[in-house]
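Raw contents of query.pdb, PDB, C-alpha atoms and all ligand atoms:
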MODEL        1
ATOM      1  CA  MET A   1      -2.617  12.861  12.942  1.00  0.00           C
ATOM      2  CA  ARG A   2      -0.403   9.777  13.166  1.00  0.00           C
ATOM      3  CA  TYR A   3      -2.512   8.358  16.031  1.00  0.00           C
ATOM      4  CA  LEU A   4      -5.729   9.008  14.113  1.00  0.00           C
ATOM      5  CA  VAL A   5      -4.395   7.222  11.020  1.00  0.00           C
ATOM      6  CA  THR A   6      -3.140   4.321  13.135  1.00  0.00           C
ATOM      7  CA  GLY A   7      -6.510   4.133  14.875  1.00  0.00           C
ATOM      8  CA  VAL A   8      -8.378   4.012  11.555  1.00  0.00           C
ATOM      9  CA  ARG A   9      -6.088   1.229  10.302  1.00  0.00           C
ATOM     10  CA  TRP A  10      -6.597  -0.929  13.377  1.00  0.00           C
ATOM     11  CA  LEU A  11     -10.331  -0.265  13.328  1.00  0.00           C
ATOM     12  CA  PHE A  12     -10.521  -1.703   9.806  1.00  0.00           C
ATOM     13  CA  PHE A  13      -8.235  -4.530  10.916  1.00  0.00           C
ATOM     14  CA  ALA A  14     -10.688  -5.328  13.732  1.00  0.00           C
ATOM     15  CA  VAL A  15     -13.518  -5.427  11.159  1.00  0.00           C
ATOM     16  CA  PHE A  16     -11.400  -7.800   9.074  1.00  0.00           C
ATOM     17  CA  VAL A  17     -10.827 -10.101  12.066  1.00  0.00           C
ATOM     18  CA  VAL A  18     -14.534 -10.106  12.955  1.00  0.00           C
ATOM     19  CA  LEU A  19     -15.469 -11.019   9.370  1.00  0.00           C
ATOM     20  CA  LEU A  20     -12.804 -13.730   9.393  1.00  0.00           C
ATOM     21  CA  ALA A  21     -14.019 -15.150  12.713  1.00  0.00           C
ATOM     22  CA  THR A  22     -17.657 -15.163  11.600  1.00  0.00           C
ATOM     23  CA  GLY A  23     -16.938 -16.727   8.193  1.00  0.00           C
ATOM     24  CA  LYS A  24     -18.091 -13.617   6.325  1.00  0.00           C
ATOM     25  CA  LEU A  25     -14.766 -12.583   4.836  1.00  0.00           C
ATOM     26  CA  MET A  26     -16.247 -12.528   1.334  1.00  0.00           C
ATOM     27  CA  LEU A  27     -17.895  -9.243   2.379  1.00  0.00           C
ATOM     28  CA  TRP A  28     -14.414  -7.743   2.421  1.00  0.00           C
ATOM     29  CA  PHE A  29     -14.302  -8.052  -1.369  1.00  0.00           C
ATOM     30  CA  GLY A  30     -17.358  -5.772  -1.502  1.00  0.00           C
ATOM     31  CA  LEU A  31     -15.409  -3.223   0.514  1.00  0.00           C
ATOM     32  CA  TYR A  32     -12.467  -3.652  -1.844  1.00  0.00           C
ATOM     33  CA  ALA A  33     -14.722  -3.079  -4.889  1.00  0.00           C
ATOM     34  CA  VAL A  34     -16.056   0.136  -3.316  1.00  0.00           C
ATOM     35  CA  SER A  35     -12.471   1.213  -2.649  1.00  0.00           C
ATOM     36  CA  LEU A  36     -11.643   0.901  -6.351  1.00  0.00           C
ATOM     37  CA  VAL A  37     -14.386   3.405  -7.150  1.00  0.00           C
ATOM     38  CA  ALA A  38     -13.199   5.628  -4.290  1.00  0.00           C
ATOM     39  CA  ALA A  39      -9.672   5.481  -5.756  1.00  0.00           C
ATOM     40  CA  LEU A  40     -10.943   7.368  -8.795  1.00  0.00           C
ATOM     41  CA  PHE A  41     -11.701  10.302  -6.509  1.00  0.00           C
ATOM     42  CA  PHE A  42      -9.263  10.056  -3.600  1.00  0.00           C
ATOM     43  CA  GLY A  43      -6.488   7.736  -4.763  1.00  0.00           C
ATOM     44  CA  ARG A  44      -5.352   4.539  -3.071  1.00  0.00           C
ATOM     45  CA  ILE A  45      -6.872   5.212   0.343  1.00  0.00           C
ATOM     46  CA  TYR A  46      -7.667   1.493   0.629  1.00  0.00           C
ATOM     47  CA  CYS A  47      -3.932   0.721   0.619  1.00  0.00           C
ATOM     48  CA  GLY A  48      -3.107   3.474   3.088  1.00  0.00           C
ATOM     49  CA  TYR A  49      -5.918   3.096   5.623  1.00  0.00           C
ATOM     50  CA  VAL A  50      -8.035  -0.029   5.072  1.00  0.00           C
ATOM     51  CA  CYS A  51      -5.821  -2.881   3.875  1.00  0.00           C
ATOM     52  CA  PRO A  52      -5.100  -5.396   6.677  1.00  0.00           C
ATOM     53  CA  MET A  53      -1.857  -6.357   4.946  1.00  0.00           C
ATOM     54  CA  ASN A  54      -0.533  -2.805   5.118  1.00  0.00           C
ATOM     55  CA  THR A  55      -1.600  -2.549   8.767  1.00  0.00           C
ATOM     56  CA  LEU A  56       0.406  -5.655   9.696  1.00  0.00           C
ATOM     57  CA  MET A  57       3.322  -4.730   7.441  1.00  0.00           C
ATOM     58  CA  ILE A  58       4.022  -1.631   9.539  1.00  0.00           C
ATOM     59  CA  PRO A  59       4.919  -3.584  12.735  1.00  0.00           C
ATOM     60  CA  ALA A  60       6.562  -6.265  10.542  1.00  0.00           C
ATOM     61  CA  GLU A  61       8.881  -3.606   9.084  1.00  0.00           C
ATOM     62  CA  TRP A  62       9.646  -2.344  12.588  1.00  0.00           C
ATOM     63  CA  ILE A  63      10.557  -5.876  13.743  1.00  0.00           C
ATOM     64  CA  SER A  64      12.614  -6.426  10.594  1.00  0.00           C
ATOM     65  CA  LYS A  65      14.653  -3.289  11.274  1.00  0.00           C
ATOM     66  CA  LYS A  66      15.120  -4.125  14.955  1.00  0.00           C
ATOM     67  CA  LEU A  67      16.362  -7.635  14.130  1.00  0.00           C
ATOM     68  CA  LYS A  68      18.426  -6.284  11.194  1.00  0.00           C
ATOM     69  CA  LEU A  69      16.665  -8.625   8.773  1.00  0.00           C
ATOM     70  CA  GLU A  70      15.779  -5.982   6.186  1.00  0.00           C
ATOM     71  CA  THR A  71      17.832  -5.837   3.043  1.00  0.00           C
ATOM     72  CA  GLU A  72      18.055  -3.011   0.529  1.00  0.00           C
ATOM     73  CA  SER A  73      18.161  -5.384  -2.418  1.00  0.00           C
ATOM     74  CA  THR A  74      15.213  -6.731  -4.397  1.00  0.00           C
ATOM     75  CA  PRO A  75      15.317 -10.193  -6.038  1.00  0.00           C
ATOM     76  CA  LYS A  76      15.782  -9.842  -9.810  1.00  0.00           C
ATOM     77  CA  TRP A  77      12.841 -12.093 -10.590  1.00  0.00           C
ATOM     78  CA  LEU A  78      10.546  -9.754  -8.691  1.00  0.00           C
ATOM     79  CA  LYS A  79      11.698  -6.626 -10.491  1.00  0.00           C
ATOM     80  CA  LYS A  80       9.851  -7.336 -13.730  1.00  0.00           C
ATOM     81  CA  GLY A  81       6.638  -5.985 -12.257  1.00  0.00           C
ATOM     82  CA  GLU A  82       4.292  -8.473 -13.885  1.00  0.00           C
ATOM     83  CA  LEU A  83       3.999 -10.789 -10.898  1.00  0.00           C
ATOM     84  CA  PRO A  84       1.142  -8.908  -9.157  1.00  0.00           C
ATOM     85  CA  TRP A  85      -1.019  -9.602 -12.234  1.00  0.00           C
ATOM     86  CA  LEU A  86       0.005 -13.245 -12.292  1.00  0.00           C
ATOM     87  CA  PHE A  87      -0.775 -13.520  -8.563  1.00  0.00           C
ATOM     88  CA  LEU A  88      -4.138 -11.860  -9.147  1.00  0.00           C
ATOM     89  CA  VAL A  89      -5.082 -14.365 -11.854  1.00  0.00           C
ATOM     90  CA  LEU A  90      -3.826 -17.303  -9.752  1.00  0.00           C
ATOM     91  CA  SER A  91      -5.697 -16.079  -6.668  1.00  0.00           C
ATOM     92  CA  VAL A  92      -8.999 -15.717  -8.533  1.00  0.00           C
ATOM     93  CA  ALA A  93      -8.502 -19.087 -10.258  1.00  0.00           C
ATOM     94  CA  ALA A  94      -7.722 -20.813  -6.930  1.00  0.00           C
ATOM     95  CA  MET A  95     -10.783 -19.258  -5.280  1.00  0.00           C
ATOM     96  CA  LEU A  96     -13.034 -20.399  -8.136  1.00  0.00           C
ATOM     97  CA  PHE A  97     -11.526 -23.887  -8.081  1.00  0.00           C
ATOM     98  CA  PHE A  98     -12.026 -24.329  -4.327  1.00  0.00           C
ATOM     99  CA  LYS A  99     -15.580 -22.997  -4.494  1.00  0.00           C
ATOM    100  CA  LYS A 100     -16.699 -25.008  -7.531  1.00  0.00           C
ATOM    101  CA  ARG A 101     -14.869 -28.284  -6.905  1.00  0.00           C
ATOM    102  CA  LEU A 102     -14.666 -28.437  -3.132  1.00  0.00           C
ATOM    103  CA  GLY A 103     -17.552 -26.188  -2.122  1.00  0.00           C
ATOM    104  CA  VAL A 104     -15.450 -24.079   0.258  1.00  0.00           C
ATOM    105  CA  ASN A 105     -14.200 -20.513   0.253  1.00  0.00           C
ATOM    106  CA  LEU A 106     -10.426 -20.429  -0.019  1.00  0.00           C
ATOM    107  CA  PRO A 107      -9.146 -18.016   2.680  1.00  0.00           C
ATOM    108  CA  ILE A 108      -7.180 -16.052   0.109  1.00  0.00           C
ATOM    109  CA  LEU A 109      -6.990 -12.853   2.163  1.00  0.00           C
ATOM    110  CA  PRO A 110      -5.423 -14.496   5.252  1.00  0.00           C
ATOM    111  CA  ILE A 111      -3.011 -16.313   2.914  1.00  0.00           C
ATOM    112  CA  TRP A 112      -1.896 -13.001   1.401  1.00  0.00           C
ATOM    113  CA  LEU A 113      -1.706 -11.502   4.870  1.00  0.00           C
ATOM    114  CA  VAL A 114       0.889 -14.101   5.863  1.00  0.00           C
ATOM    115  CA  ILE A 115       2.805 -13.593   2.594  1.00  0.00           C
ATOM    116  CA  ALA A 116       2.817  -9.807   3.102  1.00  0.00           C
ATOM    117  CA  VAL A 117       4.290 -10.137   6.592  1.00  0.00           C
ATOM    118  CA  LEU A 118       6.911 -12.693   5.508  1.00  0.00           C
ATOM    119  CA  VAL A 119       8.035 -10.594   2.518  1.00  0.00           C
ATOM    120  CA  THR A 120       8.211  -7.476   4.718  1.00  0.00           C
ATOM    121  CA  LEU A 121      10.337  -9.237   7.318  1.00  0.00           C
ATOM    122  CA  ARG A 122      13.038  -9.479   4.650  1.00  0.00           C
ATOM    123  CA  TYR A 123      12.455  -6.720   2.090  1.00  0.00           C
ATOM    124  CA  LYS A 124      11.415  -3.089   2.155  1.00  0.00           C
ATOM    125  CA  PRO A 125       7.619  -2.582   2.195  1.00  0.00           C
ATOM    126  CA  LEU A 126       7.652  -1.204  -1.353  1.00  0.00           C
ATOM    127  CA  VAL A 127       8.715  -4.646  -2.621  1.00  0.00           C
ATOM    128  CA  PHE A 128       5.430  -6.174  -1.514  1.00  0.00           C
ATOM    129  CA  HIS A 129       3.342  -3.075  -2.286  1.00  0.00           C
ATOM    130  CA  ASN A 130       4.667  -2.576  -5.827  1.00  0.00           C
ATOM    131  CA  LEU A 131       6.025  -5.928  -6.968  1.00  0.00           C
ATOM    132  CA  VAL A 132       3.965  -8.632  -5.248  1.00  0.00           C
ATOM    133  CA  CYS A 133       0.529  -7.529  -4.025  1.00  0.00           C
ATOM    134  CA  PRO A 134      -2.273  -8.567  -6.417  1.00  0.00           C
ATOM    135  CA  PHE A 135      -4.748  -6.194  -4.781  1.00  0.00           C
ATOM    136  CA  GLY A 136      -2.351  -3.289  -5.224  1.00  0.00           C
ATOM    137  CA  ALA A 137      -2.106  -4.004  -8.963  1.00  0.00           C
ATOM    138  CA  LEU A 138      -5.734  -2.991  -9.503  1.00  0.00           C
ATOM    139  CA  GLN A 139      -5.440  -0.057  -7.118  1.00  0.00           C
ATOM    140  CA  ARG A 140      -2.435   1.158  -9.095  1.00  0.00           C
ATOM    141  CA  ILE A 141      -4.384   1.196 -12.356  1.00  0.00           C
ATOM    142  CA  VAL A 142      -7.341   3.113 -10.902  1.00  0.00           C
ATOM    143  CA  GLY A 143      -5.369   5.259  -8.445  1.00  0.00           C
ATOM    144  CA  ARG A 144      -3.388   6.989 -11.177  1.00  0.00           C
ATOM    145  CA  PHE A 145      -6.578   8.763 -12.320  1.00  0.00           C
ATOM    146  CA  ALA A 146      -7.437  10.091  -8.852  1.00  0.00           C
ATOM    147  CA  LEU A 147      -9.245  13.405  -8.936  1.00  0.00           C
ATOM    148  CA  PHE A 148      -7.777  14.419  -5.587  1.00  0.00           C
ATOM    149  CA  ALA A 149      -4.358  13.237  -4.396  1.00  0.00           C
ATOM    150  CA  LYS A 150      -1.272  14.207  -2.423  1.00  0.00           C
ATOM    151  CA  LYS A 151       0.713  16.891  -4.297  1.00  0.00           C
ATOM    152  CA  VAL A 152       3.959  18.740  -3.621  1.00  0.00           C
ATOM    153  CA  ASP A 153       4.194  22.512  -4.017  1.00  0.00           C
ATOM    154  CA  PRO A 154       7.366  22.636  -6.136  1.00  0.00           C
ATOM    155  CA  LYS A 155       8.052  26.300  -5.387  1.00  0.00           C
ATOM    156  CA  ALA A 156       8.367  25.653  -1.651  1.00  0.00           C
ATOM    157  CA  CYS A 157      10.078  22.225  -1.750  1.00  0.00           C
ATOM    158  CA  ILE A 158      13.750  22.375  -0.710  1.00  0.00           C
ATOM    159  CA  GLY A 159      14.645  18.901  -1.966  1.00  0.00           C
ATOM    160  CA  CYS A 160      15.723  17.593   1.433  1.00  0.00           C
ATOM    161  CA  LYS A 161      14.523  14.041   0.614  1.00  0.00           C
ATOM    162  CA  ARG A 162      13.061  13.417   4.075  1.00  0.00           C
ATOM    163  CA  CYS A 163       9.793  12.411   2.421  1.00  0.00           C
ATOM    164  CA  GLU A 164      11.561   9.772   0.304  1.00  0.00           C
ATOM    165  CA  GLU A 165      12.900   8.045   3.398  1.00  0.00           C
ATOM    166  CA  VAL A 166       9.492   7.470   4.997  1.00  0.00           C
ATOM    167  CA  CYS A 167       7.392   6.625   1.942  1.00  0.00           C
ATOM    168  CA  PRO A 168       6.240   2.983   2.184  1.00  0.00           C
ATOM    169  CA  SER A 169       5.725   2.596  -1.565  1.00  0.00           C
ATOM    170  CA  GLY A 170       8.524   4.622  -3.144  1.00  0.00           C
ATOM    171  CA  ALA A 171       5.900   7.003  -4.516  1.00  0.00           C
ATOM    172  CA  ILE A 172       7.753  10.228  -3.822  1.00  0.00           C
ATOM    173  CA  ALA A 173      11.153  11.134  -5.226  1.00  0.00           C
ATOM    174  CA  VAL A 174      13.278  14.238  -5.482  1.00  0.00           C
ATOM    175  CA  VAL A 175      14.039  14.604  -9.177  1.00  0.00           C
ATOM    176  CA  GLY A 176      15.377  16.940 -11.821  1.00  0.00           C
ATOM    177  CA  ASP A 177      18.059  19.613 -11.827  1.00  0.00           C
ATOM    178  CA  GLU A 178      15.974  21.735  -9.481  1.00  0.00           C
ATOM    179  CA  LYS A 179      15.742  18.885  -6.940  1.00  0.00           C
ATOM    180  CA  LYS A 180      12.021  19.007  -6.265  1.00  0.00           C
ATOM    181  CA  ALA A 181       9.905  16.190  -4.853  1.00  0.00           C
ATOM    182  CA  VAL A 182       7.309  14.667  -7.164  1.00  0.00           C
ATOM    183  CA  ILE A 183       4.620  12.137  -6.204  1.00  0.00           C
ATOM    184  CA  ASN A 184       3.679   9.224  -8.451  1.00  0.00           C
ATOM    185  CA  THR A 185      -0.057   9.043  -7.783  1.00  0.00           C
ATOM    186  CA  ALA A 186      -0.326   5.487  -9.096  1.00  0.00           C
ATOM    187  CA  LEU A 187       1.987   4.317  -6.288  1.00  0.00           C
ATOM    188  CA  CYS A 188       0.869   6.736  -3.569  1.00  0.00           C
ATOM    189  CA  HIS A 189      -1.229   5.301  -0.703  1.00  0.00           C
ATOM    190  CA  GLN A 190      -2.368   8.787   0.342  1.00  0.00           C
ATOM    191  CA  CYS A 191      -0.959   8.149   3.814  1.00  0.00           C
ATOM    192  CA  THR A 192       0.480  10.969   5.910  1.00  0.00           C
ATOM    193  CA  ASN A 193       4.097   9.808   6.325  1.00  0.00           C
ATOM    194  CA  CYS A 194       5.641  12.352   3.975  1.00  0.00           C
ATOM    195  CA  GLN A 195       3.509  15.215   5.263  1.00  0.00           C
ATOM    196  CA  GLU A 196       4.536  14.487   8.846  1.00  0.00           C
ATOM    197  CA  VAL A 197       8.265  14.798   8.133  1.00  0.00           C
ATOM    198  CA  CYS A 198       8.272  17.590   5.549  1.00  0.00           C
ATOM    199  CA  PRO A 199      10.023  20.569   7.180  1.00  0.00           C
ATOM    200  CA  LYS A 200       8.329  23.036   4.817  1.00  0.00           C
ATOM    201  CA  ASP A 201       4.779  21.612   4.960  1.00  0.00           C
ATOM    202  CA  VAL A 202       4.551  21.593   1.167  1.00  0.00           C
ATOM    203  CA  ILE A 203       2.615  18.330   0.706  1.00  0.00           C
ATOM    204  CA  HIS A 204      -1.163  18.593   0.603  1.00  0.00           C
ATOM    205  CA  PHE A 205      -4.228  16.817  -0.684  1.00  0.00           C
ATOM    206  CA  ALA A 206      -5.227  18.728  -3.818  1.00  0.00           C
ATOM    207  CA  LYS A 207      -7.081  18.430  -7.097  1.00  0.00           C
TER
HETATM  208  S1  LIG A 301      10.327  16.580   2.728  1.00  0.00           S
HETATM  209 FE1  LIG A 301       9.183  18.325   1.837  1.00  0.00          FE
HETATM  210  S2  LIG A 301      10.757  19.839   1.385  1.00  0.00           S
HETATM  211 FE2  LIG A 301      11.831  17.901   1.702  1.00  0.00          FE
HETATM  212  S3  LIG A 301      11.997  17.034  -0.400  1.00  0.00           S
HETATM  213 FE3  LIG A 301      10.119  16.194   0.498  1.00  0.00          FE
HETATM  214  S4  LIG A 301       8.493  17.601  -0.169  1.00  0.00           S
HETATM  215 FE4  LIG A 301      10.433  18.660  -0.498  1.00  0.00          FE
HETATM  216  S1  LIG A 302       4.060   9.824  -1.291  1.00  0.00           S
HETATM  217 FE1  LIG A 302       3.528  10.410   0.824  1.00  0.00          FE
HETATM  218  S2  LIG A 302       1.323  10.016   0.977  1.00  0.00           S
HETATM  219 FE2  LIG A 302       2.062   8.888  -0.844  1.00  0.00          FE
HETATM  220  S3  LIG A 302       2.555   6.821  -0.056  1.00  0.00           S
HETATM  221 FE3  LIG A 302       4.440   8.030   0.006  1.00  0.00          FE
HETATM  222  S4  LIG A 302       4.514   8.835   2.109  1.00  0.00           S
HETATM  223 FE4  LIG A 302       2.387   8.166   1.742  1.00  0.00          FE
ENDMDL
END
Let me see the file written as structure tokens.
Amino acid sequence: MRYLVTGVRWLFFAVFVVLLATGKLMLWFGLYAVSLVAALFFGRIYCGYVCPMNTLMIPAEWISKKLKLETESTPKWLKKGELPWLFLVLSVAAMLFFKKRLGVNLPILPIWLVIAVLVTLRYKPLVFHNLVCPFGALQRIVGRFALFAKKVDPKACIGCKRCEEVCPSGAIAVVGDEKKAVINTALCHQCTNCQEVCPKDVIHFAK
């Protein structure tokens, strides 16, 4: 499963590179718009499988750990949680400005790609996913209403926390007196990380 997911991610990344090389990157925003509709049914699959930032953040996190660059802490000014919305407004405003005044398309996606990698070289992936990414902000709003999403069977969960350790977005947490894992669908990328490590196979895609 892991190889299939990785293959899908790099396939979409190749599409992204082709669009970038041919000057048709604006088409990617059409794909993003479709993904917002899809999020109503299947959650944030764009973040988990399609997003080029997420695809590059995975090797960036690996490098960060190898070089011991990653820190557990999060800067206080990032913790407020409003920055993704500010970045979204600034990104749209900058794109409009460049198009109207200078007649060129601002390469906003490659710019965010570089930011995503740089942030991930220092902080845990959830910092960029939850506290920085402007594209994730919209996905979060829509994703919370997903008709189908990853769920934990609380009866079978043993509260071992293995899922917590591998979740890229801090979406799953063992909580309560009974120590059962619960998934926050708004944050969940619908990836397979938690399923792959769960010793009881209690995480499934469900209504
Ligand atoms: S890995 Fe599985 S059993 Fe362990 S806490 Fe997570 S959901 Fe529960
Ligand atoms: S909760 Fe599981 S499926 Fe959702 S983002 Fe975390 S690891 Fe991926």
May I have the residues within 10 Å of ligand LIG 302 (chain A), computed using all atoms listed in the file, as an mmCIF file with C-alpha atoms, keeping the file's coordinate frame?
data_model
loop_
_atom_site.group_PDB
_atom_site.id
_atom_site.type_symbol
_atom_site.label_atom_id
_atom_site.label_comp_id
_atom_site.auth_asym_id
_atom_site.auth_seq_id
_atom_site.Cartn_x
_atom_site.Cartn_y
_atom_site.Cartn_z
ATOM 1 C CA GLY A 43 -6.488 7.736 -4.763
ATOM 2 C CA ARG A 44 -5.352 4.539 -3.071
ATOM 3 C CA ILE A 45 -6.872 5.212 0.343
ATOM 4 C CA CYS A 47 -3.932 0.721 0.619
ATOM 5 C CA GLY A 48 -3.107 3.474 3.088
ATOM 6 C CA LEU A 126 7.652 -1.204 -1.353
ATOM 7 C CA ALA A 149 -4.358 13.237 -4.396
ATOM 8 C CA LYS A 150 -1.272 14.207 -2.423
ATOM 9 C CA LYS A 151 0.713 16.891 -4.297
ATOM 10 C CA VAL A 152 3.959 18.740 -3.621
ATOM 11 C CA ARG A 162 13.061 13.417 4.075
ATOM 12 C CA CYS A 163 9.793 12.411 2.421
ATOM 13 C CA GLU A 164 11.561 9.772 0.304
ATOM 14 C CA GLU A 165 12.900 8.045 3.398
ATOM 15 C CA VAL A 166 9.492 7.470 4.997
ATOM 16 C CA CYS A 167 7.392 6.625 1.942
ATOM 17 C CA PRO A 168 6.240 2.983 2.184
ATOM 18 C CA SER A 169 5.725 2.596 -1.565
ATOM 19 C CA GLY A 170 8.524 4.622 -3.144
ATOM 20 C CA ALA A 171 5.900 7.003 -4.516
ATOM 21 C CA ILE A 172 7.753 10.228 -3.822
ATOM 22 C CA ALA A 173 11.153 11.134 -5.226
ATOM 23 C CA ALA A 181 9.905 16.190 -4.853
ATOM 24 C CA VAL A 182 7.309 14.667 -7.164
ATOM 25 C CA ILE A 183 4.620 12.137 -6.204
ATOM 26 C CA ASN A 184 3.679 9.224 -8.451
ATOM 27 C CA THR A 185 -0.057 9.043 -7.783
ATOM 28 C CA ALA A 186 -0.326 5.487 -9.096
ATOM 29 C CA LEU A 187 1.987 4.317 -6.288
ATOM 30 C CA CYS A 188 0.869 6.736 -3.569
ATOM 31 C CA HIS A 189 -1.229 5.301 -0.703
ATOM 32 C CA GLN A 190 -2.368 8.787 0.342
ATOM 33 C CA CYS A 191 -0.959 8.149 3.814
ATOM 34 C CA THR A 192 0.480 10.969 5.910
ATOM 35 C CA ASN A 193 4.097 9.808 6.325
ATOM 36 C CA CYS A 194 5.641 12.352 3.975
ATOM 37 C CA GLN A 195 3.509 15.215 5.263
ATOM 38 C CA GLU A 196 4.536 14.487 8.846
ATOM 39 C CA VAL A 197 8.265 14.798 8.133
ATOM 40 C CA CYS A 198 8.272 17.590 5.549
ATOM 41 C CA ILE A 203 2.615 18.330 0.706
ATOM 42 C CA HIS A 204 -1.163 18.593 0.603
ATOM 43 C CA PHE A 205 -4.228 16.817 -0.684
#
- Answer key for the PyMOL selection byres (((chain A and resi 128) around 10) and not hetatm), residues as a PyMOL selection string: chain A and resi 53-54+57+78+84+115-120+123-127+129-134+136+168-169
- Item | Selection result for the PyMOL selection byres (((chain A and resi 92) around 12) and not hetatm) on this file, as an NGL selection string | :A and (29 or 85-91 or 93-99 or 105-109 or 134-135)
Taking all atoms of stretch 3-16 of chain A that the file lists, what box with edges along x, y and z, padded by 5 Å per side, do you get, with centre and edge lengths in Å to one decimal, as JSON?
{"center_x": -8.0, "center_y": 0.6, "center_z": 12.6, "size_x": 21.0, "size_y": 26.8, "size_z": 17.0}
- Task: To one decimal in Å, tell me the separation between atom CA of A:Trp28 and atom CA of A:Leu11.
- Result: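 Distance reported for this atom pair: 13.8 Å.
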- Task: Please write the residues picked by the PyMOL selection byres (((chain A and resi 62-69) around 8) and not hetatm) on this file as number ranges by chain.
- Result: A: 58-61, 70-71, 120-122
Can I get the selection written as a compact mmCIF listing (two decimals), in the frame of the given file, with C-alpha atoms?
# COMPACT_ATOMS: atom_id res chain seq x y z
CA ILE A 58 4.02 -1.63 9.54
CA PRO A 59 4.92 -3.58 12.74
CA ALA A 60 6.56 -6.26 10.54
CA GLU A 61 8.88 -3.61 9.08
CA GLU A 70 15.78 -5.98 6.19
CA THR A 71 17.83 -5.84 3.04
CA THR A 120 8.21 -7.48 4.72
CA LEU A 121 10.34 -9.24 7.32
CA ARG A 122 13.04 -9.48 4.65
Quick one: everything within 6 Å of A:Gly143, counting all atoms listed in the file, minus sequence neighbours fewer than 2 positions away in the same chain. Send it as a compact mmCIF listing (two decimals) with C-alpha atoms, in the coordinates of the input.
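Final output, part.txt:
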# COMPACT_ATOMS: atom_id res chain seq x y z
CA ALA A 39 -9.67 5.48 -5.76
CA LEU A 40 -10.94 7.37 -8.80
CA GLY A 43 -6.49 7.74 -4.76
CA ARG A 44 -5.35 4.54 -3.07
CA GLN A 139 -5.44 -0.06 -7.12
CA ARG A 140 -2.44 1.16 -9.10
CA ILE A 141 -4.38 1.20 -12.36
CA PHE A 145 -6.58 8.76 -12.32
CA ALA A 146 -7.44 10.09 -8.85
CA ALA A 186 -0.33 5.49 -9.10
- Message: Just the number, please: distance in Å from atom CA of A:Asp153 to atom FE4 of ligand LIG 301 (chain A), one decimal.
- Response: 8.1 Å
- Task: Could you check how far atom CA of A:Ser35 sits from atom CA of A:Asp201, in Å to one decimal?
- Result: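 For atom CA of A:Ser35 relative to atom CA of A:Asp201, the distance reads 27.8 Å.
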- Item | Top pick for closest residue to ligand LIG 301 (chain A), considering A:Lys179, A:Lys161, A:Lys207, A:Lys80 and counting only C-alpha atoms and all ligand atoms |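 Result for the nearest residue to ligand LIG 301 (chain A): A:Lys161.
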- Query: Nearest to A:Val50: which of A:Ala14, A:Ile158, A:Met26, A:Val114 is it, counting only C-alpha atoms?
  - Reply: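 Looking at the shortest contact to A:Val50, the residue is A:Ala14.
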- Nearest to ligand LIG 301 (chain A) by atom-to-atom distance, counting only C-alpha atoms and all ligand atoms, from A:Ala206, A:Val175, A:Val17, A:Ala38: A:Val175
- Tell me which of A:Leu102, A:Leu56, A:Cys157, A:Leu19 sits closest to ligand LIG 301 (chain A), counting all atoms listed in the file. A:Cys157
- Using only C-alpha atoms and all ligand atoms, the shortest atom-to-atom distance to ligand LIG 301 (chain A) among A:Phe42, A:Phe148, A:Ala156, A:Glu178 belongs to A:Ala156
